[in-house]
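The data block below is coords_17.txt; it holds compact mmCIF, C-alpha atoms.
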```txt
# COMPACT_ATOMS: atom_id res chain seq x y z
CA MET A 1 -23.64 -31.21 32.84
CA ARG A 2 -23.00 -31.62 36.57
CA ILE A 3 -22.08 -35.26 36.07
CA ALA A 4 -19.40 -34.34 33.48
CA THR A 5 -17.94 -31.68 35.79
CA GLN A 6 -17.89 -34.09 38.71
CA GLN A 7 -16.26 -36.79 36.57
CA ARG A 8 -13.63 -34.34 35.33
CA ALA A 9 -12.88 -33.16 38.87
CA ALA A 10 -12.74 -36.78 40.01
CA GLY A 11 -10.32 -37.49 37.13
CA PHE A 12 -8.03 -34.64 38.22
CA ILE A 13 -8.10 -35.77 41.84
CA HIS A 14 -7.52 -39.40 40.81
CA ALA A 15 -4.51 -38.24 38.71
CA GLY A 16 -3.16 -36.28 41.67
CA ILE A 17 -3.99 -32.82 40.27
CA ASN A 18 -5.98 -30.37 42.35
CA PRO A 19 -8.57 -28.47 40.19
CA ALA A 20 -7.78 -25.21 42.01
CA THR A 21 -4.11 -25.56 41.03
CA ARG A 22 -5.16 -26.14 37.42
CA ARG A 23 -7.01 -22.82 37.40
CA GLY A 24 -3.84 -21.05 38.47
CA THR A 25 -1.92 -22.74 35.65
CA ILE A 26 -4.45 -21.52 33.10
CA ILE A 27 -4.03 -17.93 34.32
CA VAL A 28 -0.22 -18.18 34.05
CA GLU A 29 -0.48 -19.62 30.53
CA LEU A 30 -2.86 -16.83 29.57
CA LEU A 31 -0.44 -14.21 30.93
CA LEU A 32 2.36 -15.71 28.84
CA VAL A 33 0.35 -15.97 25.60
CA ALA A 34 -1.71 -12.74 25.82
CA PRO A 35 1.16 -10.30 25.01
CA ILE A 36 2.09 -12.30 21.91
CA PHE A 37 -1.54 -12.35 20.83
CA VAL A 38 -1.89 -8.59 21.37
CA VAL A 39 1.28 -7.88 19.33
CA LEU A 40 0.07 -10.08 16.46
CA LEU A 41 -3.36 -8.47 16.52
CA THR A 42 -1.82 -4.98 16.54
CA ALA A 43 0.50 -5.92 13.66
CA MET A 44 -2.43 -7.20 11.60
CA ILE A 45 -4.39 -4.01 12.20
CA GLU A 46 -1.43 -1.75 11.37
CA PHE A 47 -0.48 -3.65 8.21
CA SER A 48 -4.08 -3.67 7.01
CA MET A 49 -4.24 0.11 7.53
CA ILE A 50 -1.00 0.50 5.54
CA LEU A 51 -2.31 -1.68 2.70
CA THR A 52 -5.60 0.22 2.60
CA ALA A 53 -3.78 3.57 2.46
CA ARG A 54 -1.45 2.25 -0.25
CA GLN A 55 -4.41 1.07 -2.33
CA GLU A 56 -6.05 4.51 -2.06
CA LEU A 57 -2.79 6.21 -3.08
CA LEU A 58 -2.45 3.87 -6.05
CA SER A 59 -6.00 4.64 -7.14
CA ALA A 60 -5.30 8.37 -6.88
CA SER A 61 -2.05 8.10 -8.87
CA ARG A 62 -3.84 6.14 -11.60
CA GLU A 63 -6.62 8.71 -11.79
CA GLY A 64 -4.11 11.57 -11.89
CA CYS A 65 -2.12 9.83 -14.61
CA ARG A 66 -5.27 9.17 -16.63
CA VAL A 67 -6.12 12.87 -16.49
CA ALA A 68 -2.51 13.78 -17.36
CA ALA A 69 -2.51 11.39 -20.34
CA HIS A 70 -5.25 13.51 -21.92
CA GLY A 71 -2.98 16.56 -21.77
CA ALA A 72 -4.41 18.32 -18.70
CA PRO A 73 -2.35 20.98 -16.87
CA ASN A 74 -0.64 20.15 -13.56
CA GLU A 75 -3.26 21.97 -11.45
CA GLU A 76 -6.01 19.83 -12.93
CA ILE A 77 -3.97 16.67 -12.31
CA ARG A 78 -3.45 17.61 -8.66
CA ALA A 79 -7.17 18.39 -8.32
CA ALA A 80 -8.06 14.95 -9.72
CA VAL A 81 -5.72 13.28 -7.23
CA ALA A 82 -7.14 15.31 -4.33
CA CYS A 83 -10.70 14.49 -5.41
CA THR A 84 -9.87 10.77 -5.53
CA LEU A 85 -8.29 10.86 -2.05
CA GLY A 86 -11.36 12.57 -0.60
CA ASP A 87 -11.39 14.25 2.81
CA SER A 88 -9.17 11.75 4.57
CA ARG A 89 -5.71 12.37 5.96
CA LEU A 90 -4.31 11.11 2.63
CA ARG A 91 -5.40 14.37 1.00
CA GLU A 92 -2.17 15.90 2.35
CA ALA A 93 -0.13 13.61 0.06
CA GLU A 94 2.42 15.24 -2.23
CA VAL A 95 1.97 14.80 -5.98
CA ARG A 96 4.92 14.78 -8.41
CA ILE A 97 4.29 14.93 -12.14
CA LYS A 98 6.96 14.19 -14.73
CA HIS A 99 6.65 14.20 -18.52
CA PHE A 100 8.95 12.01 -20.63
CA GLU A 101 9.55 12.61 -24.29
CA GLU A 102 9.48 9.76 -26.76
CA ASN A 103 12.12 7.14 -26.14
CA HIS A 104 14.26 6.87 -29.28
CA VAL A 105 15.72 3.55 -28.17
CA LEU A 106 12.48 1.63 -27.78
CA PRO A 107 10.77 1.09 -31.14
CA HIS A 108 7.37 0.41 -29.54
CA ALA A 109 7.12 3.73 -27.66
CA PRO A 110 5.87 6.20 -30.30
CA ARG A 111 4.18 8.46 -27.75
CA ASP A 112 5.36 10.70 -24.96
CA ARG A 113 4.70 9.37 -21.48
CA VAL A 114 3.64 10.94 -18.19
CA GLN A 115 4.42 9.77 -14.65
CA VAL A 116 2.39 10.67 -11.55
CA VAL A 117 3.82 9.85 -8.11
CA VAL A 118 1.70 10.27 -4.97
CA HIS A 119 3.56 9.93 -1.66
CA ILE A 120 3.05 10.63 2.03
CA PRO A 121 4.95 9.75 5.24
CA THR A 122 3.59 6.54 6.77
CA THR A 123 3.12 8.00 10.24
CA TRP A 124 0.74 10.64 8.84
CA VAL A 125 -1.65 7.84 7.91
CA VAL A 126 -1.03 4.98 10.36
CA PRO A 127 -0.33 5.16 14.10
CA ASP A 128 3.05 3.69 15.04
CA PHE A 129 1.81 1.08 17.54
CA LEU A 130 4.52 -1.43 16.72
CA GLY A 131 7.20 1.16 17.55
CA LEU A 132 6.81 0.08 21.17
CA ILE A 133 8.32 -3.32 20.36
CA GLY A 134 10.99 -2.09 17.95
CA ILE A 135 9.21 -2.30 14.59
CA SER A 136 8.70 1.26 13.43
CA PHE A 137 7.54 2.83 10.19
CA ALA A 138 8.41 6.37 11.31
CA GLU A 139 11.12 6.80 8.67
CA ASP A 140 9.16 5.13 5.86
CA GLU A 141 7.00 6.71 3.21
CA LEU A 142 4.05 5.35 1.27
CA ALA A 143 4.49 6.06 -2.43
CA CYS A 144 2.62 4.95 -5.54
CA CYS A 145 3.64 5.63 -9.11
CA THR A 146 1.80 5.29 -12.40
CA VAL A 147 3.19 5.80 -15.91
CA MET A 148 0.96 6.12 -18.98
CA SER A 149 1.38 7.04 -22.61
CA MET A 150 -0.05 10.36 -23.73
CA GLU A 151 -3.24 10.13 -25.77
CA THR A 152 -1.98 12.58 -28.38
CA LEU A 153 0.32 11.15 -31.02
CA VAL A 154 3.82 12.52 -31.41
CA PRO A 155 5.38 12.80 -34.84
CA CYS A 156 7.45 9.72 -35.55
CA ARG A 157 11.11 10.67 -35.02
CA ARG A 158 12.85 7.32 -35.02
CA ALA A 159 16.08 6.89 -36.95
CA HIS A 160 15.00 3.80 -38.92
CA ASP A 161 11.87 5.61 -40.18
CA LYS A 162 14.05 8.39 -41.57
CA GLU A 163 16.14 5.80 -43.41
CA ASP A 164 12.98 4.34 -44.95
CA GLU A 165 11.95 7.80 -46.13
CA GLY A 166 15.36 8.26 -47.76
CA ARG A 167 14.97 5.00 -49.68
CA ARG A 168 11.52 6.00 -50.94
CA ASP A 169 12.87 9.30 -52.33
CA ARG A 170 15.35 7.52 -54.59
```

The structure in this file should be written as structure tokens.
Amino acid sequence: MRIATQQRAAGFIHAGINPATRRGTIIVELLLVAPIFVVLLTAMIEFSMILTARQELLSASREGCRVAAHGAPNEEIRAAVACTLGDSRLREAEVRIKHFEENHVLPHAPRDRVQVVVHIPTTWVVPDFLGLIGISFAEDELACCTVMSMETLVPCRRAHDKEDEGRRDR
């Protein structure tokens, strides 16, 4: 090990480079690269936290929509979403529930549908570390939406079915 160090030092001296000067160059290079490395590391951490929070919100919206598809009242849907989110900061997310009646234009939508949207401001979930360098999520909002068909059948009200019934009566 000592021989390799001595040979390396001898190589620097033979090339006209002082090993003490080389150490100073390494420190300068480190000072130039370290801030970029810290920003990239911080960005990776923040984006992973955002993706994790988004995945939890999506899971909660799916669970709420599944409960809503069985015809549960809005309080029960909100309770299912809150139970899925657990005791984390995401529990403060707002839940919007919307019921759609059968779409008369689409022939393959014979059932009513329900939509559950779970949303929360991004800064409530993730610290805004990147705001120091100009990339901020302070005005953004994490939102996840799920739409499902209701489990209960709706009477068929399409126009072409009524025409078929008229032909059968004749």

field: Exercise: residues within 12 Å of coordinate (0.6, -5.5, 15.1), counting all atoms listed in the file, as a list of chain:residue names
entry: A:Pro35, A:Ile36, A:Phe37, A:Val38, A:Val39, A:Leu40, A:Leu41, A:Thr42, A:Ala43, A:Met44, A:Ile45, A:Glu46, A:Phe47, A:Ser48, A:Met49, A:Ile50, A:Val126, A:Pro127, A:Asp128, A:Phe129, A:Leu130, A:Gly131, A:Leu132, A:Ile133, A:Gly134, A:Ile135, A:Ser136, A:Phe137

Go ahead and write the residues just picked, C-alpha atoms, as a PDB file, in the coordinates of the input.
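As a result, again-v5.pdb now contains:
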```pdb
ATOM      1  CA  PRO A  35       1.160 -10.300  25.010  1.00  0.00           C
ATOM      2  CA  ILE A  36       2.090 -12.300  21.910  1.00  0.00           C
ATOM      3  CA  PHE A  37      -1.540 -12.350  20.830  1.00  0.00           C
ATOM      4  CA  VAL A  38      -1.890  -8.590  21.370  1.00  0.00           C
ATOM      5  CA  VAL A  39       1.280  -7.880  19.330  1.00  0.00           C
ATOM      6  CA  LEU A  40       0.070 -10.080  16.460  1.00  0.00           C
ATOM      7  CA  LEU A  41      -3.360  -8.470  16.520  1.00  0.00           C
ATOM      8  CA  THR A  42      -1.820  -4.980  16.540  1.00  0.00           C
ATOM      9  CA  ALA A  43       0.500  -5.920  13.660  1.00  0.00           C
ATOM     10  CA  MET A  44      -2.430  -7.200  11.600  1.00  0.00           C
ATOM     11  CA  ILE A  45      -4.390  -4.010  12.200  1.00  0.00           C
ATOM     12  CA  GLU A  46      -1.430  -1.750  11.370  1.00  0.00           C
ATOM     13  CA  PHE A  47      -0.480  -3.650   8.210  1.00  0.00           C
ATOM     14  CA  SER A  48      -4.080  -3.670   7.010  1.00  0.00           C
ATOM     15  CA  MET A  49      -4.240   0.110   7.530  1.00  0.00           C
ATOM     16  CA  ILE A  50      -1.000   0.500   5.540  1.00  0.00           C
ATOM     17  CA  VAL A 126      -1.030   4.980  10.360  1.00  0.00           C
ATOM     18  CA  PRO A 127      -0.330   5.160  14.100  1.00  0.00           C
ATOM     19  CA  ASP A 128       3.050   3.690  15.040  1.00  0.00           C
ATOM     20  CA  PHE A 129       1.810   1.080  17.540  1.00  0.00           C
ATOM     21  CA  LEU A 130       4.520  -1.430  16.720  1.00  0.00           C
ATOM     22  CA  GLY A 131       7.200   1.160  17.550  1.00  0.00           C
ATOM     23  CA  LEU A 132       6.810   0.080  21.170  1.00  0.00           C
ATOM     24  CA  ILE A 133       8.320  -3.320  20.360  1.00  0.00           C
ATOM     25  CA  GLY A 134      10.990  -2.090  17.950  1.00  0.00           C
ATOM     26  CA  ILE A 135       9.210  -2.300  14.590  1.00  0.00           C
ATOM     27  CA  SER A 136       8.700   1.260  13.430  1.00  0.00           C
ATOM     28  CA  PHE A 137       7.540   2.830  10.190  1.00  0.00           C
TER      29      PHE A 137
END
```

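For the set A:Leu58, A:Val28, A:Ala79, A:Val67, the residue with the smallest atom-to-atom gap to A:Ala143 is A:Leu58, counting all atoms listed in the file.
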
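Across A:Ala72, A:Cys65, A:Ile26, A:Leu51, the tightest approach to A:Arg96 is made by A:Cys65 when counting only C-alpha atoms.
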
Atom pair atom CA of A:Glu92 + atom CA of A:Ala68, distance 19.8 Å

What does the distance between atom CA of A:His99 and atom CA of A:Met150 come to in Å, to one decimal place?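 According to the coordinates, atom CA of A:His99 and atom CA of A:Met150 are separated by 9.3 Å.
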
| query | Hey, which of A:Glu94, A:Ser88, A:Val116, A:Trp124 ends up closest to A:Gly64? Count all atoms listed in the file. | reply |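 Selected residue with least distance to A:Gly64: A:Val116.
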
| said: Could you tell me how far atom CA of A:Val81 sits from atom CA of A:Ala60, in Å to one decimal place? | reply: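 Value for the atom CA of A:Ala60-atom CA of A:Val81 distance: 4.9 Å.
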
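Take the candidates A:Ile77, A:Met148, A:Leu142, A:Ala93 and check each one against A:Arg111 using only C-alpha atoms; the shortest distance goes to A:Met148.
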
Using all atoms listed in the file for the distances, tell me which of A:Thr123, A:Ser149, A:Thr52, A:Ser59 is nearest to A:Phe100.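 The shortest atom-to-atom distance to A:Phe100 comes from A:Ser149.
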
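Among the candidates A:Asp87, A:Glu29, A:Glu101, A:Glu56, the one nearest to A:Cys144 when counting only C-alpha atoms is A:Glu56.
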